[in-house]
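Below is one structure; the comments refer to it alone.
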Amino acid sequence: MTVVSLPGRASARPVSLGLLGLAAAVALLELLPRLGIVDSRFLPPFSAMVRSLAEQATTAAFWTATGQTLRGWALGLAIAMAAGIAAGVVVGSVPLLRALTASTIEFLRPIPSVALIPLVVLIYGSEMPSALVLVVYASFWQVLVQVLYGVADVDPVVRDTARSYRFSRRAIVRTVVWPTAMPYVVTGFRLAASVALILEITAELIIGVPGLGRSIGLAQSSGAVAETYALVLVVGVIGVLVNVLARAVEKRALRWHTSVRRDL
Amino acid sequence: MRRVLPALALPVVLIAAWWVASAGSTSFFWPPLRTIVEAFPRTWTADPLVNDVLPSLARLAIGYLAAVVAGVALGVAIGSSRTLRELSEPLLEFLRAVPPPVLVPVIALFAGYTGWTSKIITIALGCVWPVLLNTIEGVRSLDEVLRDTARSYRFGRVATLWHVVLRGASPRIVTGARQALSIGVILMVISELFGADRGLGAAIVQFQRGFAIPQMWTGIILLGLIGVALSGLFRLVEHRTLAWYRGLRQAERGA
């Protein structure tokens, strides 16, 4: 049996209680403005948000914006994954490179990606590449650092064994380094996926790159309150879906790994 | 010396490369590093430091600390009760998944977006989720035996909370606090970009809008340095508070 707890331990009780919790939150959102406890100009009732959402769902603009957000997120994440894995495996496998780059990585990583906003605005304006740069920069470090941990975790005996059997460099990476690093890579993916979404929405909201974030900003500044909340809900749902997707990928990619396998 | 040399080698090479490559640069966006370095002390004099940088950092500190305190308090409460945990889990998952920057327009609806309060609320609301969820998880996975032992020894409620619950959950709390810190820095900047106000983020955007490119670069570098300093500070605190945990892990691994 596995000892590592994973999401998706399904049992009936938590689900129904959780639904109760969600229902209570929805009821609260409906009642607070209806009873006048919170001004409905600031917080419209939940039903009004849903109605606004239903209206928007019939417009092409809404779906275009959703598509733009998702596309920017996916593309940025893919680039960051590819670059992070490649750089991580190369740097992590060569001790000299690792020693040389450690301080630089430690320095560059905490630089907040939003510091780059003025620069990308100047260079790309409020176009899609602006968001892409921010998304890639922010999520690249998440992946890279995890891959470095993963490569460092390789069992020296296994590596030496592979070397004694004259495995080629490529074969060592494929059969020794990669399987060891895999759980770390997947963790990096999960972290990067949510960071990428944050930066994509930020770029849309602040710089005005087309997407849901810009729609939220526009709705807010034009005083369309219910619409603003409806879009925030949509972004939240996308965030949840991203998390669910990341966990599903984690489970599938690691189905051979002892932390996931149940038939041990 | 043998450890310092590799740590310094690459940064020195990179900065030298930037210096040399940009030395004759006439590109508008990429001024020579020399110009940027010269602009730095002229840009960040006492006045902007006191009126822009310090208020930004103060807002970050207030919002962040409020989030950590609230997150730990709520997390201990929710984590200790199974019913409460199951009741709130999907809701918290949703709230955490909302990208924090969308808080800015929502909060702007309530109070407009000038002044300290709205910015501090933005930072606190963005930072609270990672702390809260990690605290819940840390309290949930506490060793049952430890709790029972504390009870057998008739620890009081406060003593149990302090020595068993908070101590036991502290590695997870620190993980959450670290995630929250980087979100906090992002929100500190974003909250200032949104409203035309003073602050570090606002100052950088002013430079960009006024096409004061070397000054803008100094702002980016200053922000980077602050990010690095904060993560160094965090590591120092972590090092002190989790010293027992590192020792434990080392002992477990038989090192």
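Here, A, B, ... name the chains of the structure tokens in the order displayed, residue numbers run from 1 inside each chain, and ligands are numbered from 1 in the same displayed order.
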
For chain A, which residues have at least one atom within 6 Å of chain B, if we go by only C-alpha atoms? Write them as a CSV table (one decimal) with N, CA and C atoms, in the first residue's frame, please.
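After the write, out22.csv holds the following:
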chain,number,residue,atom,x,y,z
A,14,PRO,N,-16.8,13.4,2.5
A,14,PRO,CA,-16.1,14.7,2.2
A,14,PRO,C,-16.8,15.5,1.0
A,17,LEU,N,-20.1,17.0,2.1
A,17,LEU,CA,-19.8,18.1,3.1
A,17,LEU,C,-19.2,19.3,2.3
A,18,GLY,N,-18.3,19.0,1.4
A,18,GLY,CA,-17.7,20.1,0.6
A,18,GLY,C,-18.7,20.8,-0.2
A,21,GLY,N,-20.5,23.2,1.9
A,21,GLY,CA,-19.7,24.4,2.1
A,21,GLY,C,-19.8,25.3,1.0
A,22,LEU,N,-19.7,24.8,-0.3
A,22,LEU,CA,-19.8,25.6,-1.5
A,22,LEU,C,-21.2,26.3,-1.5
A,42,PHE,N,-21.5,47.2,-5.0
A,42,PHE,CA,-20.1,46.7,-4.9
A,42,PHE,C,-20.1,45.2,-5.0
A,100,LEU,N,29.1,26.5,-11.0
A,100,LEU,CA,29.2,27.9,-11.6
A,100,LEU,C,27.9,28.6,-11.6
A,103,SER,N,24.9,30.3,-7.9
A,103,SER,CA,24.7,31.6,-7.3
A,103,SER,C,23.9,32.5,-8.3
A,110,PRO,N,14.6,34.9,-7.5
A,110,PRO,CA,13.6,35.7,-6.8
A,110,PRO,C,13.3,37.1,-7.4
A,111,ILE,N,13.9,37.4,-8.5
A,111,ILE,CA,13.6,38.7,-9.2
A,111,ILE,C,12.1,38.6,-9.6
A,115,ALA,N,8.7,42.9,-12.4
A,115,ALA,CA,9.7,43.9,-12.7
A,115,ALA,C,9.9,44.2,-14.2
A,118,PRO,N,7.5,47.0,-17.3
A,118,PRO,CA,7.8,48.2,-18.1
A,118,PRO,C,8.6,47.9,-19.3
A,198,ILE,N,-1.2,33.0,-13.4
A,198,ILE,CA,-1.2,34.2,-12.7
A,198,ILE,C,-0.6,35.3,-13.5
A,202,THR,N,-2.2,38.6,-15.1
A,202,THR,CA,-1.6,39.9,-14.7
A,202,THR,C,-1.3,40.7,-16.0
A,236,GLY,N,-11.4,32.0,-11.9
A,236,GLY,CA,-11.2,31.1,-10.8
A,236,GLY,C,-11.5,29.7,-11.2
A,239,GLY,N,-8.6,28.5,-13.1
A,239,GLY,CA,-7.5,28.2,-12.1
A,239,GLY,C,-7.7,26.8,-11.5
A,240,VAL,N,-9.0,26.5,-11.2
A,240,VAL,CA,-9.3,25.1,-10.6
A,240,VAL,C,-9.0,24.1,-11.6

Exercise. Near A:Asp160, within 10 Å and counting only C-alpha atoms, which residues show up once chain neighbours fewer than 6 positions away are dropped, as a PyMOL selection string?
Worked result: chain A and resi 166-167+172

Restricting it to N, CA and C atoms, dump the selection as a PDB file, in the first residue's frame.
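Now in result.pdb:
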ATOM      1  N   ARG A 166      29.118   0.819 -19.772  1.00  0.00           N
ATOM      2  CA  ARG A 166      29.373   1.646 -20.951  1.00  0.00           C
ATOM      3  C   ARG A 166      28.107   2.133 -21.630  1.00  0.00           C
ATOM      4  N   PHE A 167      27.143   2.524 -20.803  1.00  0.00           N
ATOM      5  CA  PHE A 167      25.983   3.208 -21.374  1.00  0.00           C
ATOM      6  C   PHE A 167      26.486   4.506 -21.994  1.00  0.00           C
ATOM      7  N   ILE A 172      22.292   7.102 -20.571  1.00  0.00           N
ATOM      8  CA  ILE A 172      22.253   7.386 -19.133  1.00  0.00           C
ATOM      9  C   ILE A 172      21.159   8.407 -18.821  1.00  0.00           C
TER      10      ILE A 172
END

Problem set entry | Neighbour list for A:Ala82 as number ranges by chain, cut-off 12 Å, only C-alpha atoms, skip fewer than 4 positions in-chain | A: 75-78, 86-89, 136, 139-141, 143-144, 147, 185, 188-189, 192

Write a file of the just-selected residues containing C-alpha atoms, as an mmCIF file, in the first residue's frame.
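Output (result34.cif):
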data_model
loop_
_atom_site.group_PDB
_atom_site.id
_atom_site.type_symbol
_atom_site.label_atom_id
_atom_site.label_comp_id
_atom_site.auth_asym_id
_atom_site.auth_seq_id
_atom_site.Cartn_x
_atom_site.Cartn_y
_atom_site.Cartn_z
ATOM 1 C CA LEU A 75 2.279 28.369 -25.032
ATOM 2 C CA GLY A 76 4.221 30.085 -22.252
ATOM 3 C CA LEU A 77 4.069 26.991 -20.078
ATOM 4 C CA ALA A 78 5.246 24.752 -22.929
ATOM 5 C CA ALA A 86 16.776 21.095 -21.192
ATOM 6 C CA ALA A 87 18.752 23.586 -19.104
ATOM 7 C CA GLY A 88 18.160 21.613 -15.913
ATOM 8 C CA VAL A 89 19.369 18.290 -17.303
ATOM 9 C CA VAL A 136 7.953 32.160 -19.575
ATOM 10 C CA SER A 139 7.505 29.642 -14.848
ATOM 11 C CA PHE A 140 10.967 28.808 -16.214
ATOM 12 C CA TRP A 141 12.574 29.085 -12.755
ATOM 13 C CA VAL A 143 10.772 24.099 -13.673
ATOM 14 C CA LEU A 144 14.532 24.618 -13.701
ATOM 15 C CA VAL A 147 14.769 19.607 -12.491
ATOM 16 C CA VAL A 185 9.745 17.568 -13.288
ATOM 17 C CA GLY A 188 7.782 21.727 -11.469
ATOM 18 C CA PHE A 189 5.003 21.429 -14.035
ATOM 19 C CA ALA A 192 4.672 26.385 -13.196
#

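The coordinates place atom CA of A:Val225 at 17.0 Å from atom CA of A:Ile37.
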
For this session: Mind checking which residues fall within 10 Å of A:Ser52, counting only C-alpha atoms, ignoring those fewer than 3 positions away in the same chain, and posting them as a PyMOL selection string?
Result: chain A and resi 46-49+55-57+224-231

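Using only C-alpha atoms for every distance, the candidate list B:Arg154, B:Arg140, B:His163, B:Arg240 yields B:Arg140 as the residue closest to B:Val76.
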
For this session: For stretch 47-50 of chain B, list every protein, DNA or RNA residue within 12 Å, evaluated using only C-alpha atoms, and leave out those in the same chain fewer than 2 positions away; present the list as a PyMOL selection string.
Result: chain B and resi 40-45+52-58+198-204+219+222

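For stretch 212-219 of chain A, the list of residues within 6 Å, based on only C-alpha atoms and with local chain neighbours fewer than 4 positions off taken out, reads Ala65, Thr66, Ile201, Glu204, Leu205, Gly208, Ala224 and Thr228 of chain A.
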
Can you check which residues of stretch 22-201 of chain B DSSP gives as helix (DSSP H, G or I) on the backbone and send them as a PDB file with C-alpha atoms, in the first residue's frame?
ATOM      1  CA  SER B  22      26.024  47.423 -24.235  1.00  0.00           C
ATOM      2  CA  ALA B  23      28.990  49.823 -24.048  1.00  0.00           C
ATOM      3  CA  LEU B  33      25.081  49.463 -18.461  1.00  0.00           C
ATOM      4  CA  ARG B  34      27.423  52.307 -17.626  1.00  0.00           C
ATOM      5  CA  THR B  35      24.620  54.823 -18.120  1.00  0.00           C
ATOM      6  CA  ILE B  36      22.297  52.745 -15.941  1.00  0.00           C
ATOM      7  CA  VAL B  37      24.833  52.468 -13.139  1.00  0.00           C
ATOM      8  CA  GLU B  38      25.497  56.195 -13.311  1.00  0.00           C
ATOM      9  CA  ALA B  39      21.771  56.922 -13.234  1.00  0.00           C
ATOM     10  CA  PHE B  40      21.225  54.751 -10.166  1.00  0.00           C
ATOM     11  CA  PRO B  41      22.412  57.093  -7.396  1.00  0.00           C
ATOM     12  CA  ARG B  42      20.861  60.067  -9.169  1.00  0.00           C
ATOM     13  CA  THR B  43      17.486  58.326  -9.439  1.00  0.00           C
ATOM     14  CA  ALA B  46      16.645  60.105  -0.300  1.00  0.00           C
ATOM     15  CA  ASP B  47      13.329  61.519  -1.520  1.00  0.00           C
ATOM     16  CA  PRO B  48      12.120  58.593  -3.670  1.00  0.00           C
ATOM     17  CA  LEU B  49      13.581  56.131  -1.176  1.00  0.00           C
ATOM     18  CA  VAL B  50      11.531  57.623   1.644  1.00  0.00           C
ATOM     19  CA  ASN B  51       8.407  58.396  -0.369  1.00  0.00           C
ATOM     20  CA  ASP B  52       8.261  55.490  -2.816  1.00  0.00           C
ATOM     21  CA  VAL B  53      10.349  52.534  -1.741  1.00  0.00           C
ATOM     22  CA  LEU B  54       9.774  52.534   2.018  1.00  0.00           C
ATOM     23  CA  PRO B  55       5.981  52.906   1.797  1.00  0.00           C
ATOM     24  CA  SER B  56       5.890  50.048  -0.726  1.00  0.00           C
ATOM     25  CA  LEU B  57       7.884  47.819   1.577  1.00  0.00           C
ATOM     26  CA  ALA B  58       5.825  48.872   4.589  1.00  0.00           C
ATOM     27  CA  ARG B  59       2.591  47.941   2.776  1.00  0.00           C
ATOM     28  CA  LEU B  60       4.103  44.625   1.782  1.00  0.00           C
ATOM     29  CA  ALA B  61       5.206  43.933   5.360  1.00  0.00           C
ATOM     30  CA  ILE B  62       1.819  44.806   6.886  1.00  0.00           C
ATOM     31  CA  GLY B  63      -0.195  42.868   4.319  1.00  0.00           C
ATOM     32  CA  TYR B  64       2.110  39.878   4.367  1.00  0.00           C
ATOM     33  CA  LEU B  65       2.320  39.608   8.145  1.00  0.00           C
ATOM     34  CA  ALA B  66      -1.437  40.008   8.474  1.00  0.00           C
ATOM     35  CA  ALA B  67      -1.864  37.198   5.947  1.00  0.00           C
ATOM     36  CA  VAL B  68       0.557  34.907   7.768  1.00  0.00           C
ATOM     37  CA  VAL B  69      -1.099  35.503  11.154  1.00  0.00           C
ATOM     38  CA  ALA B  70      -4.612  35.079   9.759  1.00  0.00           C
ATOM     39  CA  GLY B  71      -3.610  32.078   7.652  1.00  0.00           C
ATOM     40  CA  VAL B  72      -1.984  30.263  10.557  1.00  0.00           C
ATOM     41  CA  ALA B  73      -4.832  31.051  12.978  1.00  0.00           C
ATOM     42  CA  LEU B  74      -7.533  29.959  10.536  1.00  0.00           C
ATOM     43  CA  GLY B  75      -5.452  27.028   9.376  1.00  0.00           C
ATOM     44  CA  VAL B  76      -5.014  25.665  12.898  1.00  0.00           C
ATOM     45  CA  ALA B  77      -8.757  26.019  13.521  1.00  0.00           C
ATOM     46  CA  ILE B  78      -9.765  24.350  10.254  1.00  0.00           C
ATOM     47  CA  GLY B  79      -7.023  21.759  10.352  1.00  0.00           C
ATOM     48  CA  SER B  80      -7.959  20.599  13.848  1.00  0.00           C
ATOM     49  CA  ARG B  82     -12.324  17.176  10.401  1.00  0.00           C
ATOM     50  CA  THR B  83     -15.814  18.465   9.729  1.00  0.00           C
ATOM     51  CA  LEU B  84     -14.646  22.022   9.234  1.00  0.00           C
ATOM     52  CA  ARG B  85     -11.910  20.795   6.924  1.00  0.00           C
ATOM     53  CA  GLU B  86     -14.198  18.796   4.692  1.00  0.00           C
ATOM     54  CA  LEU B  87     -16.748  21.580   4.697  1.00  0.00           C
ATOM     55  CA  SER B  88     -14.312  24.206   3.523  1.00  0.00           C
ATOM     56  CA  GLU B  89     -12.012  22.216   1.257  1.00  0.00           C
ATOM     57  CA  PRO B  90     -13.627  22.778  -2.195  1.00  0.00           C
ATOM     58  CA  LEU B  91     -14.305  26.421  -1.387  1.00  0.00           C
ATOM     59  CA  LEU B  92     -10.687  27.017  -0.371  1.00  0.00           C
ATOM     60  CA  GLU B  93      -9.439  25.165  -3.447  1.00  0.00           C
ATOM     61  CA  PHE B  94     -11.482  27.557  -5.548  1.00  0.00           C
ATOM     62  CA  LEU B  95     -10.352  30.668  -3.710  1.00  0.00           C
ATOM     63  CA  ARG B  96      -6.739  29.636  -3.985  1.00  0.00           C
ATOM     64  CA  ALA B  97      -7.078  28.976  -7.693  1.00  0.00           C
ATOM     65  CA  PRO B 100      -4.528  37.008  -7.048  1.00  0.00           C
ATOM     66  CA  PRO B 101      -4.127  39.935  -9.490  1.00  0.00           C
ATOM     67  CA  VAL B 102      -7.862  39.840 -10.305  1.00  0.00           C
ATOM     68  CA  LEU B 103      -8.379  40.939  -6.708  1.00  0.00           C
ATOM     69  CA  VAL B 104      -7.233  44.393  -7.726  1.00  0.00           C
ATOM     70  CA  PRO B 105     -10.283  45.318  -9.856  1.00  0.00           C
ATOM     71  CA  VAL B 106     -12.644  43.678  -7.378  1.00  0.00           C
ATOM     72  CA  ILE B 107     -11.235  45.651  -4.470  1.00  0.00           C
ATOM     73  CA  ALA B 108     -11.231  48.746  -6.652  1.00  0.00           C
ATOM     74  CA  LEU B 109     -15.014  48.323  -6.960  1.00  0.00           C
ATOM     75  CA  PHE B 110     -15.418  48.676  -3.224  1.00  0.00           C
ATOM     76  CA  ALA B 111     -13.121  51.456  -2.286  1.00  0.00           C
ATOM     77  CA  TRP B 116      -2.912  52.309   1.626  1.00  0.00           C
ATOM     78  CA  THR B 117      -5.884  50.253   2.738  1.00  0.00           C
ATOM     79  CA  SER B 118      -6.883  48.838  -0.624  1.00  0.00           C
ATOM     80  CA  LYS B 119      -3.286  47.925  -1.446  1.00  0.00           C
ATOM     81  CA  ILE B 120      -2.696  46.232   1.896  1.00  0.00           C
ATOM     82  CA  ILE B 121      -5.950  44.297   1.542  1.00  0.00           C
ATOM     83  CA  THR B 122      -4.887  43.163  -1.935  1.00  0.00           C
ATOM     84  CA  ILE B 123      -1.543  41.908  -0.650  1.00  0.00           C
ATOM     85  CA  ALA B 124      -3.073  40.223   2.401  1.00  0.00           C
ATOM     86  CA  LEU B 125      -5.861  38.528   0.436  1.00  0.00           C
ATOM     87  CA  GLY B 126      -3.396  37.236  -2.136  1.00  0.00           C
ATOM     88  CA  CYS B 127      -0.905  35.936   0.425  1.00  0.00           C
ATOM     89  CA  VAL B 128      -3.331  34.267   2.790  1.00  0.00           C
ATOM     90  CA  TRP B 129      -4.249  31.188   0.694  1.00  0.00           C
ATOM     91  CA  PRO B 130      -0.895  29.413   0.458  1.00  0.00           C
ATOM     92  CA  VAL B 131      -0.329  29.961   4.206  1.00  0.00           C
ATOM     93  CA  LEU B 132      -3.831  28.815   5.075  1.00  0.00           C
ATOM     94  CA  LEU B 133      -3.830  25.681   2.912  1.00  0.00           C
ATOM     95  CA  ASN B 134      -0.354  24.635   3.976  1.00  0.00           C
ATOM     96  CA  THR B 135      -1.173  25.179   7.648  1.00  0.00           C
ATOM     97  CA  ILE B 136      -4.306  23.048   7.319  1.00  0.00           C
ATOM     98  CA  GLU B 137      -2.265  20.315   5.666  1.00  0.00           C
ATOM     99  CA  GLY B 138       0.479  20.595   8.302  1.00  0.00           C
ATOM    100  CA  VAL B 139      -1.950  20.416  11.221  1.00  0.00           C
ATOM    101  CA  ARG B 140      -3.839  17.542   9.590  1.00  0.00           C
ATOM    102  CA  GLU B 144      -1.347  11.335  16.441  1.00  0.00           C
ATOM    103  CA  VAL B 145       1.049   9.868  18.985  1.00  0.00           C
ATOM    104  CA  LEU B 146       2.492  13.310  19.700  1.00  0.00           C
ATOM    105  CA  ARG B 147      -0.945  14.718  20.422  1.00  0.00           C
ATOM    106  CA  ASP B 148      -1.804  11.798  22.664  1.00  0.00           C
ATOM    107  CA  THR B 149       1.502  12.066  24.464  1.00  0.00           C
ATOM    108  CA  ALA B 150       0.902  15.740  25.114  1.00  0.00           C
ATOM    109  CA  ARG B 151      -2.517  14.854  26.493  1.00  0.00           C
ATOM    110  CA  SER B 152      -1.092  12.132  28.724  1.00  0.00           C
ATOM    111  CA  ARG B 157      -4.343  23.816  25.629  1.00  0.00           C
ATOM    112  CA  VAL B 158      -1.938  26.670  25.071  1.00  0.00           C
ATOM    113  CA  ALA B 159       1.118  24.499  25.632  1.00  0.00           C
ATOM    114  CA  THR B 160      -0.203  21.840  23.236  1.00  0.00           C
ATOM    115  CA  LEU B 161      -0.971  24.455  20.629  1.00  0.00           C
ATOM    116  CA  TRP B 162       2.447  26.024  20.938  1.00  0.00           C
ATOM    117  CA  HIS B 163       4.730  23.022  21.411  1.00  0.00           C
ATOM    118  CA  VAL B 164       2.885  20.334  19.469  1.00  0.00           C
ATOM    119  CA  VAL B 165       0.537  21.798  16.872  1.00  0.00           C
ATOM    120  CA  LEU B 166       2.419  24.884  15.703  1.00  0.00           C
ATOM    121  CA  ARG B 167       5.825  23.248  16.037  1.00  0.00           C
ATOM    122  CA  GLY B 168       4.705  20.162  14.162  1.00  0.00           C
ATOM    123  CA  ALA B 169       3.043  22.143  11.403  1.00  0.00           C
ATOM    124  CA  SER B 170       5.852  24.687  11.096  1.00  0.00           C
ATOM    125  CA  PRO B 171       7.683  23.076   8.132  1.00  0.00           C
ATOM    126  CA  ARG B 172       4.491  23.270   6.082  1.00  0.00           C
ATOM    127  CA  ILE B 173       3.700  26.747   7.399  1.00  0.00           C
ATOM    128  CA  VAL B 174       7.136  27.913   6.265  1.00  0.00           C
ATOM    129  CA  THR B 175       6.551  26.397   2.806  1.00  0.00           C
ATOM    130  CA  GLY B 176       3.290  28.310   2.562  1.00  0.00           C
ATOM    131  CA  ALA B 177       4.885  31.501   3.821  1.00  0.00           C
ATOM    132  CA  ARG B 178       7.589  31.221   1.165  1.00  0.00           C
ATOM    133  CA  GLN B 179       5.045  30.866  -1.648  1.00  0.00           C
ATOM    134  CA  ALA B 180       3.097  33.755  -0.148  1.00  0.00           C
ATOM    135  CA  LEU B 181       6.149  36.011  -0.109  1.00  0.00           C
ATOM    136  CA  SER B 182       6.683  35.856  -3.862  1.00  0.00           C
ATOM    137  CA  ILE B 183       2.969  36.451  -4.450  1.00  0.00           C
ATOM    138  CA  GLY B 184       3.203  39.383  -2.043  1.00  0.00           C
ATOM    139  CA  VAL B 185       6.032  41.008  -4.004  1.00  0.00           C
ATOM    140  CA  ILE B 186       4.070  40.604  -7.246  1.00  0.00           C
ATOM    141  CA  LEU B 187       0.986  42.149  -5.667  1.00  0.00           C
ATOM    142  CA  MET B 188       2.994  44.975  -4.126  1.00  0.00           C
ATOM    143  CA  VAL B 189       4.067  46.018  -7.614  1.00  0.00           C
ATOM    144  CA  ILE B 190       0.740  45.364  -9.340  1.00  0.00           C
ATOM    145  CA  SER B 191      -1.277  47.258  -6.750  1.00  0.00           C
ATOM    146  CA  GLU B 192       0.834  50.308  -7.512  1.00  0.00           C
ATOM    147  CA  LEU B 193       0.604  49.934 -11.269  1.00  0.00           C
ATOM    148  CA  PHE B 194      -3.161  50.007 -11.118  1.00  0.00           C
ATOM    149  CA  LEU B 200       8.123  51.728  -6.217  1.00  0.00           C
ATOM    150  CA  GLY B 201       5.974  50.137  -8.917  1.00  0.00           C
TER     151      GLY B 201
END
